[in-house]
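I have placed the structure first, in the form of structure tokens, so that the comments after it can refer back to it.
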Amino acid sequence: MQAVCRSIAVAAIVGAAGVVSLPARAADAGAPARQEPTSRAAIVAALMADPNRLLRIDAPLSALAGPPDTTPPRADPAVPAGTATPRLVLNEGFNFAELKSRDGRFMAPGGLFTEGWIRQNNSDRPSNTWQQGYTSYFLAYDGPNDAYIGSHPFATLSDTGTISSWLLTPPINFTPTTRLSFLTRETLDNPFPSRLQVRACASGPCADVGTTPEDIGGFQTVLADINPTEVVAGYPQQWTRYELTAANGLPTSGSGRIAFRHYVHQGDGVLRGGWIGLDRVVVEQGDGDTSPLALDVTVAPADPANLTACAGGSTVEVAAGDQVNICYRITNNSTQPLRYHGLRDDQVGTIFTQRDQPLAPGASWQYNRIVTVSQSMSPSITWTAQKDPQGYTVDTSQPAAFIDATDGMEIDTSAGASVSLAFPADFNFRLYGDRVDDLCVSGFGVVANKRAYYGCTYVLSYGFRPLPDSDLSIFGSVLALFESTYQDGGKIYQKTIGTAPNRRYVIEYYQRPVANGSPLPERGLTAEIILNETSGVIEFQYANLIFGGLPACAYGGCASVGIQNKNFGQQFSYFSQSLRTVNRIAWTPSDPTVYTRTRQLQITARGAGLQLDAQRIDVEADAAGTATAHLKIENTGDGRLDWQAGVAARNSHLSATPRAVLPLRESGAINSAFQPLAATPRSTIAQPGPVAPAAPDADHSLWAFDVWGGMLVSADPAAPGYDATAVIEAGTGLRTITGTDFLDDDFSRLYALDAETHQLLRIGPTTVGGSLAGEELVGVLPIPAGALPSGLKQDPTTGTVYLVTADGIKSYLWTVDVRTAAMWPVGPISGMPGIVSMDFDNDGNLYGIDVVLDALIAIDKSSGAGQVVGSLGMSLGGSISALAFDPAHDERFYLGSVENYNGKFWHVDKATGQATFMTLVNGPDGALAQFGSMAVARAGNRCVELSQVPWLSLSQSGGTIQPGAAQTDLTLQFDAAGLSAGVHTANLCLHSNDVNRRRAAVPVSFTVGNDRIFSAGFETPVQP
């Protein structure tokens, strides 16, 4: 469906208050009949009767929306070429508004709202807020199907209240040329009128939208009002683009934000507020921005001998495959110290957020990135800096002044569920900016701002996770005073002391006996939460933290302590005895002022571009006959194309010039970076349970060992989590499998390496959804003391099996005899301290992942010599990570990693090393899944040497094509002399200097004699 572009100009209808009003659209002819509006209260009642209600955070919209629209999205916009393009201050396609499980139940830190975006729901009886798009109702305008952000009809649970749900962009420095564009729509045939306001704020922090439905905070300027009369069919029902400039009221100077407000009223008894979507929000501008933050960004060819150089200008021209050094120099021209920094660009996304680097007024800081360039680009780079961390600052310097609340109101949680507690309406307190109407007080040390349609039904059925834990809250905020498991007993009290406007609201957990502790009352947890009126300060105070029983559980050793806002968590400690010397934690609302600056670079990469006019060649001939085919080779690049048919040259993946990498960790963290076997509290997270079997025709080519859950799983590489396609094939107990592979294209058995016992195992049979016969011990590998073994990968061109060892200082390459577990040294992988996984590509080129350097490494399999391909662009944290090559995708690797107790799955560009996040890898019931090794059950796409195919000859075996020159017509001659009747196949490979397509494999089939009648689909698949 083609988007409609509306440019809101001065000629638009402008009301007295400067509101741009848009005429209502007539309903589409022939649209499906609308459903009768349904009471939200009735829907909630039905949900509460549903035993699976906690699994359905997207409360069914069938009664609140029309039929689904399955119009597919278009591809994400192409990367701008290395020519002058508008400076993109913001270009958000909402691919990862939130990081969540495929079933929507569990969220992880990261995504939009840790990168400067703000969401706040000021509706009456608020519940859902802006969230990742749902594909059940319509698909995104561009990108993945769910790559948009939506506001839910359950933004309010009231049938008569007002929806006022806000979405704020990151800070923007406005100029006279600033332009905003976005796309929006509602569901087809929506019976609930929708409305969207676009507002601007250009002075102050611009992070306050008040707390009540009619509050607007500093967002006084209305830029657009879509369907201001709130009528049915007044909102676009297909993706429609709007463009706003200074003519529409967009500020021309100052710093601030733009707000999108889902805003409807129901006081007249008409139900309003359907599901609406927002996509591709772009803010672009020319020069002229001002800010107390000075940012200079330069780019120059990288010099491996001087990686911290700050040379060059805003443009550079290099050969594709070369490295450039991007230097960022930030200067604080404000009057306050700045400490927490963020950096992103519109090419790779977020580079870092909340990086701790103190910067006094007048001081400067330099940061360098070494980037391997594969194509021209014009990245727009935005730096943000602020005094305080996002959310709250933490102070533990003062001792507790414990308030006894046992003479207050007792809260009974003995039934096991959380209890809803009305919060005083006149108590001036915000939690992460939200007003508090009701609290959910649990019996397990957690208090939440009640913002969920299913009430206060919080339980710890599957243990508890690090913050943010979406089992506690998805749309509200949480105070984890001492989240743990408890025995029966003890009391919870509430008490308010003092006088307005300086009252203190106290919730005390009194003598609550913890699990594995003494049942004696005096050994139970006694601690309290204090909410301070006006100041907004939250205090955690602790009177007793010694519980008897397990000493390791004292002082927080078996608890989670921190605060959370939706999917943003501030973890004070998790399973750590952090409270041994701390008995008071004060959480003070952060200064919301954020400074920002955007600059743009122009990087031109000259290089070849290999393009073929056919993906496969199928020919036929009579017995002893001949045939001819043609393959056209074109150079689509702006550099000379060199190509060669046949097998790849040895070590063709090693660059002709040295490459380097700068570690992504903050200074001082490198020495402690290598910790692949760091202990983790497995028992606190949900343990694996039953998982549905795979569909018979599902792709389960990815096999992975989950070293956290102790499972071997098979999965679709497109969605490898347990909540998606992963099927548990076997339990591996406490083994830490860091190397695995199928050998000789035999996909019935896996070979595996246990990093802790050094055992070499043979596991099988491997049938998807079947029962493994078990594991067989081949032998114990003689691994050097103190080294972590990993890899265990077979070279598809020679059959040799390799593994790697690393200790954080050096890495070493070995060959292995899988029949006897004998090992032979190849050589040190020079300069690479922490390679923990590796794999071969189709041509037998070996690559590895270094978790200290956070880089993709090319390895010479004959000597062990290593060379950097490029930075991953993200940190692996020194942890076990898994690399795997899929023969069906020659340009990339799969990478499994773990961060903050969340498994992640990436694609790694083989030419540059850049990692692109694809999806979370969730374990059963939201537990962590950490892939320690992976293998792909797919036959290798290997090339043949032309001398090995006597029935095929080429008019030339290689050549050169200059930029703009005519295509080369490669003639293929087929000769059936001496061949038996049947279908003969080979892989004709062309290797080139195109860094983005080093190898192009063309399957060739030659059908001879009587079998010609079967060549159209019986024996050899023919692709269209």
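Ordering of the structure tokens sets the chain letters (A, B, ...), residue numbers begin anew at 1 in every chain, and ligands are numbered from 1 in the order given.
Within 10 Å of Ser334 in chain A, once only C-alpha atoms are used and residues closer than 2 positions along the same chain are dropped, the contacting residues are Ser291, Pro292, Leu293, Ala294, Thr331, Asn332, Gln336, Pro337, Leu338, Ala360, Pro361, Gly362, Ala363 and Tyr595 of chain A.
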Restricting the output to N, CA, C and O atoms, write the selected residues as a PDB file, in the first residue's frame.
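Final output, saved to out.pdb:
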ATOM      1  N   SER A 291      24.502  24.801  20.897  1.00  0.00           N
ATOM      2  CA  SER A 291      24.375  23.969  22.086  1.00  0.00           C
ATOM      3  C   SER A 291      25.562  24.227  22.998  1.00  0.00           C
ATOM      4  O   SER A 291      26.653  24.561  22.512  1.00  0.00           O
ATOM      5  N   PRO A 292      25.387  24.108  24.324  1.00  0.00           N
ATOM      6  CA  PRO A 292      26.540  24.193  25.229  1.00  0.00           C
ATOM      7  C   PRO A 292      27.526  23.039  25.043  1.00  0.00           C
ATOM      8  O   PRO A 292      28.581  23.031  25.666  1.00  0.00           O
ATOM      9  N   LEU A 293      27.160  22.090  24.212  1.00  0.00           N
ATOM     10  CA  LEU A 293      28.025  20.946  23.937  1.00  0.00           C
ATOM     11  C   LEU A 293      28.678  21.164  22.575  1.00  0.00           C
ATOM     12  O   LEU A 293      28.000  21.270  21.560  1.00  0.00           O
ATOM     13  N   ALA A 294      29.996  21.255  22.559  1.00  0.00           N
ATOM     14  CA  ALA A 294      30.723  21.388  21.295  1.00  0.00           C
ATOM     15  C   ALA A 294      31.195  20.015  20.850  1.00  0.00           C
ATOM     16  O   ALA A 294      31.786  19.271  21.631  1.00  0.00           O
ATOM     17  N   THR A 331      33.499  18.938  23.935  1.00  0.00           N
ATOM     18  CA  THR A 331      33.894  19.969  24.894  1.00  0.00           C
ATOM     19  C   THR A 331      32.660  20.439  25.642  1.00  0.00           C
ATOM     20  O   THR A 331      31.621  20.736  25.029  1.00  0.00           O
ATOM     21  N   ASN A 332      32.771  20.505  26.951  1.00  0.00           N
ATOM     22  CA  ASN A 332      31.670  20.934  27.814  1.00  0.00           C
ATOM     23  C   ASN A 332      31.719  22.443  27.996  1.00  0.00           C
ATOM     24  O   ASN A 332      32.511  22.957  28.782  1.00  0.00           O
ATOM     25  N   GLN A 336      27.863  23.327  34.217  1.00  0.00           N
ATOM     26  CA  GLN A 336      27.788  22.218  35.167  1.00  0.00           C
ATOM     27  C   GLN A 336      28.605  21.031  34.664  1.00  0.00           C
ATOM     28  O   GLN A 336      28.809  20.871  33.463  1.00  0.00           O
ATOM     29  N   PRO A 337      29.103  20.221  35.579  1.00  0.00           N
ATOM     30  CA  PRO A 337      29.859  19.042  35.149  1.00  0.00           C
ATOM     31  C   PRO A 337      28.943  18.054  34.444  1.00  0.00           C
ATOM     32  O   PRO A 337      27.787  17.872  34.826  1.00  0.00           O
ATOM     33  N   LEU A 338      29.465  17.397  33.409  1.00  0.00           N
ATOM     34  CA  LEU A 338      28.728  16.375  32.679  1.00  0.00           C
ATOM     35  C   LEU A 338      29.454  15.046  32.851  1.00  0.00           C
ATOM     36  O   LEU A 338      30.676  14.996  32.839  1.00  0.00           O
ATOM     37  N   ALA A 360      34.384  18.162  33.330  1.00  0.00           N
ATOM     38  CA  ALA A 360      34.163  19.427  34.026  1.00  0.00           C
ATOM     39  C   ALA A 360      33.845  20.537  33.034  1.00  0.00           C
ATOM     40  O   ALA A 360      34.152  20.428  31.842  1.00  0.00           O
ATOM     41  N   PRO A 361      33.235  21.637  33.488  1.00  0.00           N
ATOM     42  CA  PRO A 361      33.003  22.772  32.584  1.00  0.00           C
ATOM     43  C   PRO A 361      34.315  23.225  31.935  1.00  0.00           C
ATOM     44  O   PRO A 361      35.329  23.390  32.602  1.00  0.00           O
ATOM     45  N   GLY A 362      34.299  23.371  30.627  1.00  0.00           N
ATOM     46  CA  GLY A 362      35.480  23.771  29.887  1.00  0.00           C
ATOM     47  C   GLY A 362      36.380  22.631  29.467  1.00  0.00           C
ATOM     48  O   GLY A 362      37.289  22.830  28.648  1.00  0.00           O
ATOM     49  N   ALA A 363      36.147  21.431  29.990  1.00  0.00           N
ATOM     50  CA  ALA A 363      37.012  20.288  29.687  1.00  0.00           C
ATOM     51  C   ALA A 363      36.571  19.610  28.393  1.00  0.00           C
ATOM     52  O   ALA A 363      35.430  19.736  27.942  1.00  0.00           O
ATOM     53  N   TYR A 595      22.196  17.614  27.093  1.00  0.00           N
ATOM     54  CA  TYR A 595      22.733  18.408  25.988  1.00  0.00           C
ATOM     55  C   TYR A 595      23.050  17.482  24.814  1.00  0.00           C
ATOM     56  O   TYR A 595      23.415  16.316  25.000  1.00  0.00           O
TER      57      TYR A 595
END
- Surrounding residues of range 780-787 of chain A excluding itself and chain neighbours under 6 positions, 8 Å, only C-alpha atoms, as a PyMOL selection string: chain A and resi 757-760+805-807+821-823
- Task: Can you work out which one of A:Leu550, A:Ser414, A:Val419, A:Gly313 has the shortest atom-to-atom distance to Asp488 in chain A, counting only C-alpha atoms?
- Result: A:Ser414
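From CA of Phe905 in chain A back to CA of Ile728 in chain A, the distance works out to 17.8 Å.
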Per residue of range 800-881 of chain A within 12 Å of range 978-996 of chain A, what are the shortest atom pair and its distance in Å to one decimal, counting only C-alpha atoms, with rows by chain and residue number, as a Markdown table?
| residue | atom | partner | partner_atom | distance |
| --- | --- | --- | --- | --- |
| A:Asn842 | CA | A:Cys989 | CA | 10.7 |
| A:Asp843 | CA | A:Cys989 | CA | 9.9 |
| A:Val869 | CA | A:Val995 | CA | 11.4 |
May I have a table of the residues of range 548-629 of chain A lying at most 12 Å from range 425-446 of chain A, giving each one's closest pair of atoms and their distance in Å to one decimal, counting only C-alpha atoms, ordered by chain and ascending residue number, as JSON lines?
{"residue": "A:Gly556", "atom": "CA", "partner": "A:Gly445", "partner_atom": "CA", "distance": 11.8}
{"residue": "A:Ala559", "atom": "CA", "partner": "A:Gly445", "partner_atom": "CA", "distance": 9.3}
{"residue": "A:Ser560", "atom": "CA", "partner": "A:Gly445", "partner_atom": "CA", "distance": 9.2}
{"residue": "A:Val561", "atom": "CA", "partner": "A:Gly445", "partner_atom": "CA", "distance": 9.2}
{"residue": "A:Gly562", "atom": "CA", "partner": "A:Val446", "partner_atom": "CA", "distance": 9.7}
{"residue": "A:Ile563", "atom": "CA", "partner": "A:Val446", "partner_atom": "CA", "distance": 9.5}
{"residue": "A:Gln564", "atom": "CA", "partner": "A:Tyr432", "partner_atom": "CA", "distance": 8.7}
{"residue": "A:Asn565", "atom": "CA", "partner": "A:Tyr432", "partner_atom": "CA", "distance": 6.6}
{"residue": "A:Lys566", "atom": "CA", "partner": "A:Tyr432", "partner_atom": "CA", "distance": 9.7}
{"residue": "A:Phe568", "atom": "CA", "partner": "A:Tyr432", "partner_atom": "CA", "distance": 10.4}
{"residue": "A:Gly569", "atom": "CA", "partner": "A:Tyr432", "partner_atom": "CA", "distance": 11.2}
{"residue": "A:Gln570", "atom": "CA", "partner": "A:Tyr432", "partner_atom": "CA", "distance": 11.5}
{"residue": "A:Trp587", "atom": "CA", "partner": "A:Leu431", "partner_atom": "CA", "distance": 10.8}
{"residue": "A:Thr588", "atom": "CA", "partner": "A:Tyr432", "partner_atom": "CA", "distance": 10.4}
{"residue": "A:Pro589", "atom": "CA", "partner": "A:Tyr432", "partner_atom": "CA", "distance": 7.7}
{"residue": "A:Ser590", "atom": "CA", "partner": "A:Tyr432", "partner_atom": "CA", "distance": 9.6}
{"residue": "A:Asp591", "atom": "CA", "partner": "A:Tyr432", "partner_atom": "CA", "distance": 12.0}
{"residue": "A:Pro592", "atom": "CA", "partner": "A:Gly433", "partner_atom": "CA", "distance": 10.5}
- Task: Would you kindly return, as a list of chain:residue names, each protein, DNA or RNA residue with an atom no farther than 8 Å from any atom of Arg504 in chain A, considering only C-alpha atoms and excluding same-chain residues fewer than 6 positions away?
- Result: A:Thr496, A:Ile497, A:Gly498, A:Ile530, A:Leu531, A:Asn532, A:Glu533
Kindly export the residues of the current selection with N, CA and C atoms, as a PDB file, in the first residue's frame.
ATOM      1  N   THR A 496       2.111   6.872  57.285  1.00  0.00           N
ATOM      2  CA  THR A 496       2.506   8.174  56.763  1.00  0.00           C
ATOM      3  C   THR A 496       2.788   9.101  57.929  1.00  0.00           C
ATOM      4  N   ILE A 497       3.939   9.764  57.893  1.00  0.00           N
ATOM      5  CA  ILE A 497       4.318  10.671  58.978  1.00  0.00           C
ATOM      6  C   ILE A 497       4.611  12.052  58.412  1.00  0.00           C
ATOM      7  N   GLY A 498       4.581  13.060  59.294  1.00  0.00           N
ATOM      8  CA  GLY A 498       4.899  14.427  58.897  1.00  0.00           C
ATOM      9  C   GLY A 498       3.688  15.167  58.365  1.00  0.00           C
ATOM     10  N   ILE A 530      10.711   4.291  51.903  1.00  0.00           N
ATOM     11  CA  ILE A 530      10.180   5.594  52.296  1.00  0.00           C
ATOM     12  C   ILE A 530      10.077   6.459  51.049  1.00  0.00           C
ATOM     13  N   LEU A 531       8.868   6.963  50.777  1.00  0.00           N
ATOM     14  CA  LEU A 531       8.638   7.876  49.668  1.00  0.00           C
ATOM     15  C   LEU A 531       8.501   9.279  50.239  1.00  0.00           C
ATOM     16  N   ASN A 532       9.362  10.195  49.809  1.00  0.00           N
ATOM     17  CA  ASN A 532       9.392  11.546  50.351  1.00  0.00           C
ATOM     18  C   ASN A 532       8.610  12.501  49.463  1.00  0.00           C
ATOM     19  N   GLU A 533       7.622  13.155  50.048  1.00  0.00           N
ATOM     20  CA  GLU A 533       6.783  14.086  49.317  1.00  0.00           C
ATOM     21  C   GLU A 533       7.596  15.276  48.813  1.00  0.00           C
TER      22      GLU A 533
END
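Counting only C-alpha atoms and comparing A:Thr971, A:Gln238, A:Ser933, A:Ser862, the residue that lies closest to Phe705 in chain A is A:Ser933.
You can rank A:Ile118, A:Gln914, A:Gln398, A:Leu467 by their closest distance to Leu479 in chain A using only C-alpha atoms, and at the top of that list sits A:Leu467.
The space between CA of Pro68 in chain A and CA of Glu186 in chain A spans 10.8 Å.
The residue set within 6 Å of range 850-856 of chain A, counting only C-alpha atoms and dropping same-chain residues fewer than 6 places from it, reads Pro663, Ala673, Gly834, Ile835, Val869, Gly870, Ser871, Leu872, Ser875, Leu876, Gly878 and Gly913 of chain A.
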- Message: Here is a test: counting only C-alpha atoms, which residue of A:Ile492, A:Ala552, A:Leu99, A:Leu788 is nearest to Val506 in chain A?
- Response: A:Ile492
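The spacing separating CA of Pro717 in chain A from CA of Ser470 in chain A amounts to 25.0 Å.
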- Spatial neighbours of Asp909 in chain A, max dist 8 Å, only C-alpha atoms, sep filter under 2 positions, as JSON, numbers by chain: {"A": [891, 892, 893, 907, 911, 912, 913, 914, 915]}
Could you write those residues out with N, CA, C and O atoms, as a PDB file, in the first residue's frame?
ATOM      1  N   GLU A 891      27.860 -14.278   3.209  1.00  0.00           N
ATOM      2  CA  GLU A 891      28.347 -12.946   3.563  1.00  0.00           C
ATOM      3  C   GLU A 891      28.389 -12.688   5.062  1.00  0.00           C
ATOM      4  O   GLU A 891      28.830 -11.625   5.489  1.00  0.00           O
ATOM      5  N   ARG A 892      27.952 -13.644   5.887  1.00  0.00           N
ATOM      6  CA  ARG A 892      27.831 -13.333   7.309  1.00  0.00           C
ATOM      7  C   ARG A 892      28.030 -14.566   8.179  1.00  0.00           C
ATOM      8  O   ARG A 892      28.031 -15.702   7.706  1.00  0.00           O
ATOM      9  N   PHE A 893      28.192 -14.289   9.481  1.00  0.00           N
ATOM     10  CA  PHE A 893      28.218 -15.313  10.522  1.00  0.00           C
ATOM     11  C   PHE A 893      27.041 -15.073  11.460  1.00  0.00           C
ATOM     12  O   PHE A 893      26.505 -13.966  11.551  1.00  0.00           O
ATOM     13  N   HIS A 907      23.883 -10.984  13.575  1.00  0.00           N
ATOM     14  CA  HIS A 907      24.541 -11.283  12.315  1.00  0.00           C
ATOM     15  C   HIS A 907      25.825 -10.462  12.266  1.00  0.00           C
ATOM     16  O   HIS A 907      25.815  -9.262  12.587  1.00  0.00           O
ATOM     17  N   ALA A 911      32.771  -9.042   5.909  1.00  0.00           N
ATOM     18  CA  ALA A 911      33.705  -8.100   5.295  1.00  0.00           C
ATOM     19  C   ALA A 911      34.195  -7.041   6.264  1.00  0.00           C
ATOM     20  O   ALA A 911      35.330  -6.569   6.160  1.00  0.00           O
ATOM     21  N   THR A 912      33.346  -6.648   7.235  1.00  0.00           N
ATOM     22  CA  THR A 912      33.692  -5.525   8.120  1.00  0.00           C
ATOM     23  C   THR A 912      33.776  -5.889   9.587  1.00  0.00           C
ATOM     24  O   THR A 912      34.344  -5.143  10.375  1.00  0.00           O
ATOM     25  N   GLY A 913      33.174  -7.015   9.995  1.00  0.00           N
ATOM     26  CA  GLY A 913      33.121  -7.379  11.404  1.00  0.00           C
ATOM     27  C   GLY A 913      31.967  -6.756  12.150  1.00  0.00           C
ATOM     28  O   GLY A 913      31.722  -7.116  13.312  1.00  0.00           O
ATOM     29  N   GLN A 914      31.233  -5.836  11.544  1.00  0.00           N
ATOM     30  CA  GLN A 914      30.145  -5.157  12.237  1.00  0.00           C
ATOM     31  C   GLN A 914      29.024  -6.136  12.569  1.00  0.00           C
ATOM     32  O   GLN A 914      28.551  -6.875  11.709  1.00  0.00           O
ATOM     33  N   ALA A 915      28.600  -6.132  13.837  1.00  0.00           N
ATOM     34  CA  ALA A 915      27.510  -6.997  14.291  1.00  0.00           C
ATOM     35  C   ALA A 915      26.196  -6.238  14.248  1.00  0.00           C
ATOM     36  O   ALA A 915      26.128  -5.075  14.659  1.00  0.00           O
TER      37      ALA A 915
END
- Would you mind listing what lies within 12 Å of Asp404 in chain A as a list in words, with only C-alpha atoms counted and same-chain residues fewer than 6 positions away left out? Ile492, Tyr493, Gln494, Lys495, Thr496, Ile497, Tyr505, Val506, Ile507, Glu508, Tyr509, Tyr510, Thr526, Ala527, Glu528, Ile529, Ile530, Gln541, Tyr542 and Ala543 of chain A
- Item | Gly557 in chain A environment, 7 Å, only C-alpha atoms, sequence neighbours closer than 3 positions dropped, as a PyMOL selection string | chain A and resi 552-554+575-577
Emit the selected residues as an mmCIF file, in the first residue's frame, including N, CA and C atoms.
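Ended up saving to again.cif:
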data_model
loop_
_atom_site.group_PDB
_atom_site.id
_atom_site.type_symbol
_atom_site.label_atom_id
_atom_site.label_comp_id
_atom_site.auth_asym_id
_atom_site.auth_seq_id
_atom_site.Cartn_x
_atom_site.Cartn_y
_atom_site.Cartn_z
ATOM 1 N N ALA A 552 25.637 -17.273 52.857
ATOM 2 C CA ALA A 552 25.784 -16.575 51.580
ATOM 3 C C ALA A 552 24.573 -15.726 51.247
ATOM 4 N N CYS A 553 23.439 -15.953 51.919
ATOM 5 C CA CYS A 553 22.231 -15.192 51.612
ATOM 6 C C CYS A 553 22.096 -13.931 52.460
ATOM 7 N N ALA A 554 22.970 -13.736 53.409
ATOM 8 C CA ALA A 554 22.918 -12.507 54.214
ATOM 9 C C ALA A 554 23.321 -11.306 53.376
ATOM 10 N N PHE A 575 22.164 -10.788 43.713
ATOM 11 C CA PHE A 575 22.877 -11.913 44.296
ATOM 12 C C PHE A 575 24.298 -11.498 44.688
ATOM 13 N N SER A 576 24.370 -10.400 45.396
ATOM 14 C CA SER A 576 25.645 -9.870 45.871
ATOM 15 C C SER A 576 25.436 -9.336 47.281
ATOM 16 N N GLN A 577 26.408 -9.568 48.135
ATOM 17 C CA GLN A 577 26.303 -9.094 49.527
ATOM 18 C C GLN A 577 26.670 -7.612 49.593
#
